[in-house]
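start.pdb (PDB, C-alpha atoms, pLDDT in the B column)
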```pdb
ATOM      1  CA  MET A   1      18.065   1.387  -5.828  1.00 81.00           C
ATOM      2  CA  LEU A   2      14.669   2.485  -4.569  1.00 90.00           C
ATOM      3  CA  LEU A   3      14.619   4.651  -1.450  1.00 94.00           C
ATOM      4  CA  ILE A   4      11.558   4.566   0.817  1.00 97.00           C
ATOM      5  CA  TYR A   5      10.817   7.213   3.451  1.00 97.00           C
ATOM      6  CA  CYS A   6       9.877   5.778   6.867  1.00 98.00           C
ATOM      7  CA  PRO A   7       7.528   8.223   8.632  1.00 98.00           C
ATOM      8  CA  TYR A   8       8.632   6.889  12.041  1.00 98.00           C
ATOM      9  CA  CYS A   9      12.406   6.940  11.534  1.00 97.00           C
ATOM     10  CA  GLN A  10      11.967  10.124   9.457  1.00 97.00           C
ATOM     11  CA  GLU A  11      14.558   9.175   6.877  1.00 96.00           C
ATOM     12  CA  GLU A  12      14.850   7.488   3.504  1.00 96.00           C
ATOM     13  CA  ARG A  13      16.248   3.977   3.574  1.00 97.00           C
ATOM     14  CA  SER A  14      16.990   1.275   0.998  1.00 96.00           C
ATOM     15  CA  GLU A  15      14.080  -0.791  -0.264  1.00 95.00           C
ATOM     16  CA  LEU A  16      15.908  -3.851   1.097  1.00 96.00           C
ATOM     17  CA  GLU A  17      14.902  -2.800   4.632  1.00 97.00           C
ATOM     18  CA  PHE A  18      11.154  -2.895   3.862  1.00 98.00           C
ATOM     19  CA  ARG A  19       8.468  -5.478   3.138  1.00 97.00           C
ATOM     20  CA  GLY A  20       5.110  -4.881   1.501  1.00 95.00           C
ATOM     21  CA  ALA A  21       2.121  -5.971   3.584  1.00 93.00           C
ATOM     22  CA  GLY A  22      -0.803  -5.684   1.169  1.00 90.00           C
ATOM     23  CA  ASP A  23      -3.545  -3.147   0.648  1.00 91.00           C
ATOM     24  CA  ALA A  24      -4.120  -0.320   3.119  1.00 93.00           C
ATOM     25  CA  HIS A  25      -7.489   0.933   4.345  1.00 91.00           C
ATOM     26  CA  ILE A  26      -9.344  -2.377   3.956  1.00 86.00           C
ATOM     27  CA  ALA A  27     -12.732  -2.594   5.666  1.00 83.00           C
ATOM     28  CA  ARG A  28     -12.315  -5.655   7.842  1.00 84.00           C
ATOM     29  CA  PRO A  29     -15.353  -7.656   9.024  1.00 87.00           C
ATOM     30  CA  THR A  30     -16.408  -6.801  12.573  1.00 88.00           C
ATOM     31  CA  ASN A  31     -17.316 -10.417  13.403  1.00 90.00           C
ATOM     32  CA  ILE A  32     -15.339 -12.647  11.082  1.00 89.00           C
ATOM     33  CA  THR A  33     -16.899 -15.835  12.487  1.00 91.00           C
ATOM     34  CA  SER A  34     -20.338 -14.823  11.235  1.00 93.00           C
ATOM     35  CA  ILE A  35     -19.487 -14.245   7.568  1.00 92.00           C
ATOM     36  CA  SER A  36     -20.015 -16.793   4.798  1.00 93.00           C
ATOM     37  CA  ASP A  37     -17.214 -18.635   3.015  1.00 94.00           C
ATOM     38  CA  GLU A  38     -17.774 -16.460  -0.071  1.00 93.00           C
ATOM     39  CA  GLU A  39     -17.540 -13.248   1.985  1.00 90.00           C
ATOM     40  CA  PHE A  40     -14.378 -14.536   3.677  1.00 90.00           C
ATOM     41  CA  GLU A  41     -12.842 -15.387   0.304  1.00 91.00           C
ATOM     42  CA  GLU A  42     -13.630 -11.905  -1.012  1.00 87.00           C
ATOM     43  CA  TYR A  43     -12.205 -10.189   2.074  1.00 86.00           C
ATOM     44  CA  PHE A  44      -9.101 -12.354   2.494  1.00 83.00           C
ATOM     45  CA  PHE A  45      -8.007 -13.249  -1.044  1.00 87.00           C
ATOM     46  CA  LEU A  46      -9.536 -10.981  -3.690  1.00 83.00           C
ATOM     47  CA  ARG A  47      -7.758  -7.686  -4.302  1.00 81.00           C
ATOM     48  CA  ASP A  48      -7.810  -5.157  -7.109  1.00 79.00           C
ATOM     49  CA  ASN A  49      -4.606  -4.689  -9.058  1.00 81.00           C
ATOM     50  CA  PRO A  50      -5.061  -1.263 -10.645  1.00 85.00           C
ATOM     51  CA  LYS A  51      -2.650   0.496 -12.939  1.00 91.00           C
ATOM     52  CA  GLY A  52      -1.651   3.767 -11.299  1.00 91.00           C
ATOM     53  CA  LEU A  53      -2.095   5.054  -7.765  1.00 93.00           C
ATOM     54  CA  ILE A  54      -2.601   2.533  -4.951  1.00 93.00           C
ATOM     55  CA  PHE A  55      -2.480   2.665  -1.155  1.00 95.00           C
ATOM     56  CA  GLU A  56      -0.451  -0.059   0.575  1.00 95.00           C
ATOM     57  CA  ARG A  57       0.799  -1.114   4.006  1.00 96.00           C
ATOM     58  CA  TRP A  58       4.539  -1.480   4.418  1.00 98.00           C
ATOM     59  CA  ARG A  59       6.774  -2.572   7.294  1.00 98.00           C
ATOM     60  CA  HIS A  60      10.240  -1.274   8.066  1.00 98.00           C
ATOM     61  CA  MET A  61      11.595  -4.747   8.861  1.00 97.00           C
ATOM     62  CA  HIS A  62      15.270  -3.874   9.319  1.00 96.00           C
ATOM     63  CA  GLY A  63      14.703  -0.539  10.997  1.00 96.00           C
ATOM     64  CA  CYS A  64      12.057   0.458  13.513  1.00 97.00           C
ATOM     65  CA  GLY A  65       9.919  -2.603  12.690  1.00 97.00           C
ATOM     66  CA  ARG A  66       6.740  -0.524  12.456  1.00 98.00           C
ATOM     67  CA  PHE A  67       3.942  -0.631   9.896  1.00 98.00           C
ATOM     68  CA  PHE A  68       3.082   2.451   7.847  1.00 98.00           C
ATOM     69  CA  ASN A  69       1.004   3.268   4.774  1.00 97.00           C
ATOM     70  CA  ALA A  70       2.197   4.466   1.399  1.00 97.00           C
ATOM     71  CA  ALA A  71       0.679   5.881  -1.763  1.00 96.00           C
ATOM     72  CA  ARG A  72       2.567   4.346  -4.694  1.00 95.00           C
ATOM     73  CA  ASP A  73       2.323   4.468  -8.476  1.00 93.00           C
ATOM     74  CA  THR A  74       2.319   0.899  -9.814  1.00 91.00           C
ATOM     75  CA  VAL A  75       3.550   1.972 -13.247  1.00 92.00           C
ATOM     76  CA  SER A  76       6.649   3.925 -12.253  1.00 91.00           C
ATOM     77  CA  ASP A  77       7.034   2.249  -8.810  1.00 91.00           C
ATOM     78  CA  LYS A  78       7.381   5.766  -7.398  1.00 93.00           C
ATOM     79  CA  PHE A  79       6.294   6.365  -3.810  1.00 95.00           C
ATOM     80  CA  ILE A  80       4.097   9.482  -3.851  1.00 95.00           C
ATOM     81  CA  MET A  81       4.016   9.714  -0.051  1.00 96.00           C
ATOM     82  CA  THR A  82       4.213   7.669   3.136  1.00 97.00           C
ATOM     83  CA  TYR A  83       2.285   8.238   6.356  1.00 97.00           C
ATOM     84  CA  LYS A  84       1.864   6.626   9.754  1.00 97.00           C
ATOM     85  CA  ALA A  85      -0.496   3.682  10.271  1.00 95.00           C
ATOM     86  CA  GLY A  86      -3.848   4.758  11.652  1.00 93.00           C
ATOM     87  CA  GLU A  87      -3.834   8.097   9.859  1.00 95.00           C
ATOM     88  CA  PRO A  88      -6.700   8.632   7.397  1.00 94.00           C
ATOM     89  CA  LYS A  89      -6.252   8.001   3.689  1.00 93.00           C
ATOM     90  CA  PRO A  90      -4.929  11.266   2.207  1.00 93.00           C
ATOM     91  CA  GLU A  91      -6.509  13.085  -0.687  1.00 90.00           C
ATOM     92  CA  ILE A  92      -3.987  13.072  -3.509  1.00 85.00           C
ATOM     93  CA  GLY A  93      -4.981  15.456  -6.253  1.00 68.00           C
ATOM     94  CA  ALA A  94      -3.498  16.420  -9.567  1.00 50.00           C
ATOM     95  CA  ALA A  95       0.049  15.608  -8.421  1.00 46.00           C
ATOM     96  CA  ALA A  96      -0.561  11.892  -8.889  1.00 52.00           C
ATOM     97  CA  GLU A  97      -0.540  10.427 -12.367  1.00 50.00           C
ATOM     98  CA  THR A  98      -3.372   8.265 -13.566  1.00 47.00           C
ATOM     99  CA  TYR A  99      -3.329   5.832 -16.465  1.00 46.00           C
ATOM    100  CA  GLU A 100      -5.966   4.481 -18.777  1.00 46.00           C
ATOM    101  CA  ALA A 101      -5.238   1.475 -20.940  1.00 44.00           C
ATOM    102  CA  VAL A 102      -6.169   2.074 -24.553  1.00 43.00           C
ATOM    103  CA  GLU A 103      -5.809  -0.819 -26.970  1.00 45.00           C
ATOM    104  CA  GLY A 104      -2.711  -0.293 -29.107  1.00 46.00           C
ATOM    105  CA  GLU A 105      -1.703   2.897 -27.319  1.00 49.00           C
ATOM    106  CA  ALA A 106       0.363   3.118 -24.144  1.00 45.00           C
ATOM    107  CA  GLN A 107      -0.143   6.188 -21.985  1.00 45.00           C
TER     108      GLN A 107
END
```
Translate the structure of the given file into C-alpha cells.
Amino acid sequence: MLLIYCPYCQEERSELEFRGAGDAHIARPTNITSISDEEFEEYFFLRDNPKGLIFERWRHMHGCGRFFNAARDTVSDKFIMTYKAGEPKPEIGAAAETYEAVEGEAQ
C-alpha cells in the first residue's frame, strides 16, 4: 500500500484517502473568455506525460479535504515530497532520479 504524507494533517495516510487532481503550477489564462478555441484546448486538455519527476495537485478527500502539491516519480510511483498549495515549486536537485529512454535499453 502506498502511503502519502498530507502537509496539512502532518501524517502519512493510505493512498485510498487521496485523489489526484492533475498538474500543479499551471499558468492559467487571466481572461479565459478572450482566448481562442485552440488556446483553450491547449490549456484545458493537453498535458505532458514525462517519465520521471512531475509536480501534481492532490486532494486529501477522506481526511482534511484540502488540496496540496506533490513531487512524484512516475516510474517508481514514489512521492519525493509534498507541500501546501500556494507554496512555490521547490527546487529538487540530485536527490530526484531522472530517466532517459534509450531504444533497447531500460534505465
From the set A:Ala21, A:Leu16, A:Thr30, A:Pro50, which residue has the shortest atom-to-atom contact distance to Leu3 of chain A, counting only C-alpha atoms?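 Using only C-alpha atoms, Leu3 of chain A sits closest to A:Leu16.
Among the candidates A:Arg19, A:Arg28, A:Arg13, A:Lys51, the one nearest to Asp73 of chain A when counting only C-alpha atoms is A:Lys51.
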Can you give me, as an mmCIF file with C-alpha atoms, in the coordinates of the input, the residues this file yields under the PyMOL selection byres ((chain A and resi 63) around 12)?
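Once written, result.cif looks like this:
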```
data_model
loop_
_atom_site.group_PDB
_atom_site.id
_atom_site.type_symbol
_atom_site.label_atom_id
_atom_site.label_comp_id
_atom_site.auth_asym_id
_atom_site.auth_seq_id
_atom_site.Cartn_x
_atom_site.Cartn_y
_atom_site.Cartn_z
ATOM 1 C CA ILE A 4 11.558 4.566 0.817
ATOM 2 C CA TYR A 5 10.817 7.213 3.451
ATOM 3 C CA CYS A 6 9.877 5.778 6.867
ATOM 4 C CA PRO A 7 7.528 8.223 8.632
ATOM 5 C CA TYR A 8 8.632 6.889 12.041
ATOM 6 C CA CYS A 9 12.406 6.940 11.534
ATOM 7 C CA GLN A 10 11.967 10.124 9.457
ATOM 8 C CA GLU A 11 14.558 9.175 6.877
ATOM 9 C CA GLU A 12 14.850 7.488 3.504
ATOM 10 C CA ARG A 13 16.248 3.977 3.574
ATOM 11 C CA SER A 14 16.990 1.275 0.998
ATOM 12 C CA GLU A 15 14.080 -0.791 -0.264
ATOM 13 C CA LEU A 16 15.908 -3.851 1.097
ATOM 14 C CA GLU A 17 14.902 -2.800 4.632
ATOM 15 C CA PHE A 18 11.154 -2.895 3.862
ATOM 16 C CA ARG A 19 8.468 -5.478 3.138
ATOM 17 C CA ARG A 59 6.774 -2.572 7.294
ATOM 18 C CA HIS A 60 10.240 -1.274 8.066
ATOM 19 C CA MET A 61 11.595 -4.747 8.861
ATOM 20 C CA HIS A 62 15.270 -3.874 9.319
ATOM 21 C CA CYS A 64 12.057 0.458 13.513
ATOM 22 C CA GLY A 65 9.919 -2.603 12.690
ATOM 23 C CA ARG A 66 6.740 -0.524 12.456
ATOM 24 C CA PHE A 67 3.942 -0.631 9.896
#
```
Residues near segment 34-49 of chain A, anyone? I mean within 12 Å using only C-alpha atoms, not counting same-chain ones fewer than 4 positions away, as a short mmCIF file (atom, residue, chain, number, x, y, z; two decimals) with C-alpha atoms, in the frame of the given file.
```cif
data_model
loop_
_atom_site.label_atom_id
_atom_site.label_comp_id
_atom_site.auth_asym_id
_atom_site.auth_seq_id
_atom_site.Cartn_x
_atom_site.Cartn_y
_atom_site.Cartn_z
CA GLY A 22 -0.80 -5.68 1.17
CA ASP A 23 -3.54 -3.15 0.65
CA ALA A 24 -4.12 -0.32 3.12
CA ILE A 26 -9.34 -2.38 3.96
CA ALA A 27 -12.73 -2.59 5.67
CA ARG A 28 -12.32 -5.66 7.84
CA PRO A 29 -15.35 -7.66 9.02
CA THR A 30 -16.41 -6.80 12.57
CA LEU A 53 -2.10 5.05 -7.76
CA ILE A 54 -2.60 2.53 -4.95
CA PHE A 55 -2.48 2.66 -1.16
CA GLU A 56 -0.45 -0.06 0.57
CA ASP A 73 2.32 4.47 -8.48
CA THR A 74 2.32 0.90 -9.81
CA VAL A 75 3.55 1.97 -13.25
#
```
What does the distance from atom CA of Gly20 of chain A to atom CA of Gly86 of chain A come to in Å, to one decimal? 16.6 Å
Mind giving me the straight-line distance from atom CA of Pro88 of chain A to atom CA of Asn69 of chain A in Å, one decimal?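 Here the two named atoms are 9.7 Å from each other.
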Which is closest to Asp77 of chain A among A:Ile32, A:Trp58, A:Gly52, A:Ile92, if we use all atoms listed in the file? A:Gly52
Could you tell me how far atom CA of Ala71 of chain A sits from atom CA of Met1 of chain A, in Å to one decimal place?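 Computing the Euclidean distance for atom CA of Met1 of chain A and atom CA of Ala71 of chain A yields 18.4 Å.
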Option closest in space to Leu2 of chain A, from A:Lys78, A:Arg57, A:Lys84, A:Lys89 [counting all atoms listed in the file]: A:Lys78
Evaluating the PyMOL selection byres ((chain A and resi 81) around 7) on the displayed file yields which residues, as a ChimeraX atom specification? /A:70-71,79-80,82-83
Please supply segment 24-42 of chain A, rebuilt with N, CA, C and O atoms, as a CSV table (one decimal), in the frame of the given file.
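Saved file result38.csv follows:
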```csv
chain,number,residue,atom,x,y,z
A,24,ALA,N,-3.8,-1.1,1.9
A,24,ALA,CA,-4.1,-0.3,3.1
A,24,ALA,C,-5.6,0.1,3.1
A,24,ALA,O,-6.2,0.0,2.0
A,25,HIS,N,-6.1,0.4,4.2
A,25,HIS,CA,-7.5,0.9,4.3
A,25,HIS,C,-8.5,-0.1,3.9
A,25,HIS,O,-9.5,0.3,3.2
A,26,ILE,N,-8.4,-1.3,4.3
A,26,ILE,CA,-9.3,-2.4,4.0
A,26,ILE,C,-10.4,-2.4,5.1
A,26,ILE,O,-10.0,-2.4,6.2
A,27,ALA,N,-11.7,-2.5,4.7
A,27,ALA,CA,-12.7,-2.6,5.7
A,27,ALA,C,-12.8,-4.0,6.1
A,27,ALA,O,-13.2,-4.9,5.4
A,28,ARG,N,-12.3,-4.3,7.3
A,28,ARG,CA,-12.3,-5.7,7.8
A,28,ARG,C,-13.7,-6.0,8.5
A,28,ARG,O,-14.3,-5.2,9.1
A,29,PRO,N,-14.1,-7.3,8.4
A,29,PRO,CA,-15.4,-7.7,9.0
A,29,PRO,C,-15.3,-7.5,10.5
A,29,PRO,O,-14.3,-7.8,11.2
A,30,THR,N,-16.4,-7.0,11.1
A,30,THR,CA,-16.4,-6.8,12.6
A,30,THR,C,-16.5,-8.1,13.3
A,30,THR,O,-15.9,-8.3,14.4
A,31,ASN,N,-17.2,-9.1,12.8
A,31,ASN,CA,-17.3,-10.4,13.4
A,31,ASN,C,-17.0,-11.5,12.3
A,31,ASN,O,-17.9,-11.9,11.7
A,32,ILE,N,-15.8,-11.8,12.2
A,32,ILE,CA,-15.3,-12.6,11.1
A,32,ILE,C,-15.9,-14.1,11.2
A,32,ILE,O,-16.1,-14.7,10.2
A,33,THR,N,-16.3,-14.5,12.4
A,33,THR,CA,-16.9,-15.8,12.5
A,33,THR,C,-18.3,-15.9,11.9
A,33,THR,O,-18.8,-17.0,11.7
A,34,SER,N,-19.0,-14.8,11.7
A,34,SER,CA,-20.3,-14.8,11.2
A,34,SER,C,-20.5,-14.6,9.7
A,34,SER,O,-21.6,-14.7,9.2
A,35,ILE,N,-19.4,-14.5,9.0
A,35,ILE,CA,-19.5,-14.2,7.6
A,35,ILE,C,-19.4,-15.6,6.8
A,35,ILE,O,-18.9,-16.6,7.3
A,36,SER,N,-20.0,-15.6,5.6
A,36,SER,CA,-20.0,-16.8,4.8
A,36,SER,C,-18.6,-17.1,4.2
A,36,SER,O,-17.7,-16.2,4.2
A,37,ASP,N,-18.5,-18.3,3.7
A,37,ASP,CA,-17.2,-18.6,3.0
A,37,ASP,C,-16.9,-17.7,1.8
A,37,ASP,O,-15.8,-17.3,1.6
A,38,GLU,N,-17.9,-17.3,1.1
A,38,GLU,CA,-17.8,-16.5,-0.1
A,38,GLU,C,-17.3,-15.1,0.4
A,38,GLU,O,-16.5,-14.4,-0.2
A,39,GLU,N,-17.9,-14.6,1.5
A,39,GLU,CA,-17.5,-13.2,2.0
A,39,GLU,C,-16.1,-13.3,2.5
A,39,GLU,O,-15.3,-12.3,2.3
A,40,PHE,N,-15.7,-14.4,3.2
A,40,PHE,CA,-14.4,-14.5,3.7
A,40,PHE,C,-13.4,-14.6,2.5
A,40,PHE,O,-12.3,-13.9,2.6
A,41,GLU,N,-13.7,-15.3,1.5
A,41,GLU,CA,-12.8,-15.4,0.3
A,41,GLU,C,-12.6,-14.0,-0.3
A,41,GLU,O,-11.5,-13.6,-0.6
A,42,GLU,N,-13.7,-13.2,-0.4
A,42,GLU,CA,-13.6,-11.9,-1.0
A,42,GLU,C,-12.8,-11.0,-0.2
A,42,GLU,O,-11.9,-10.3,-0.7
```
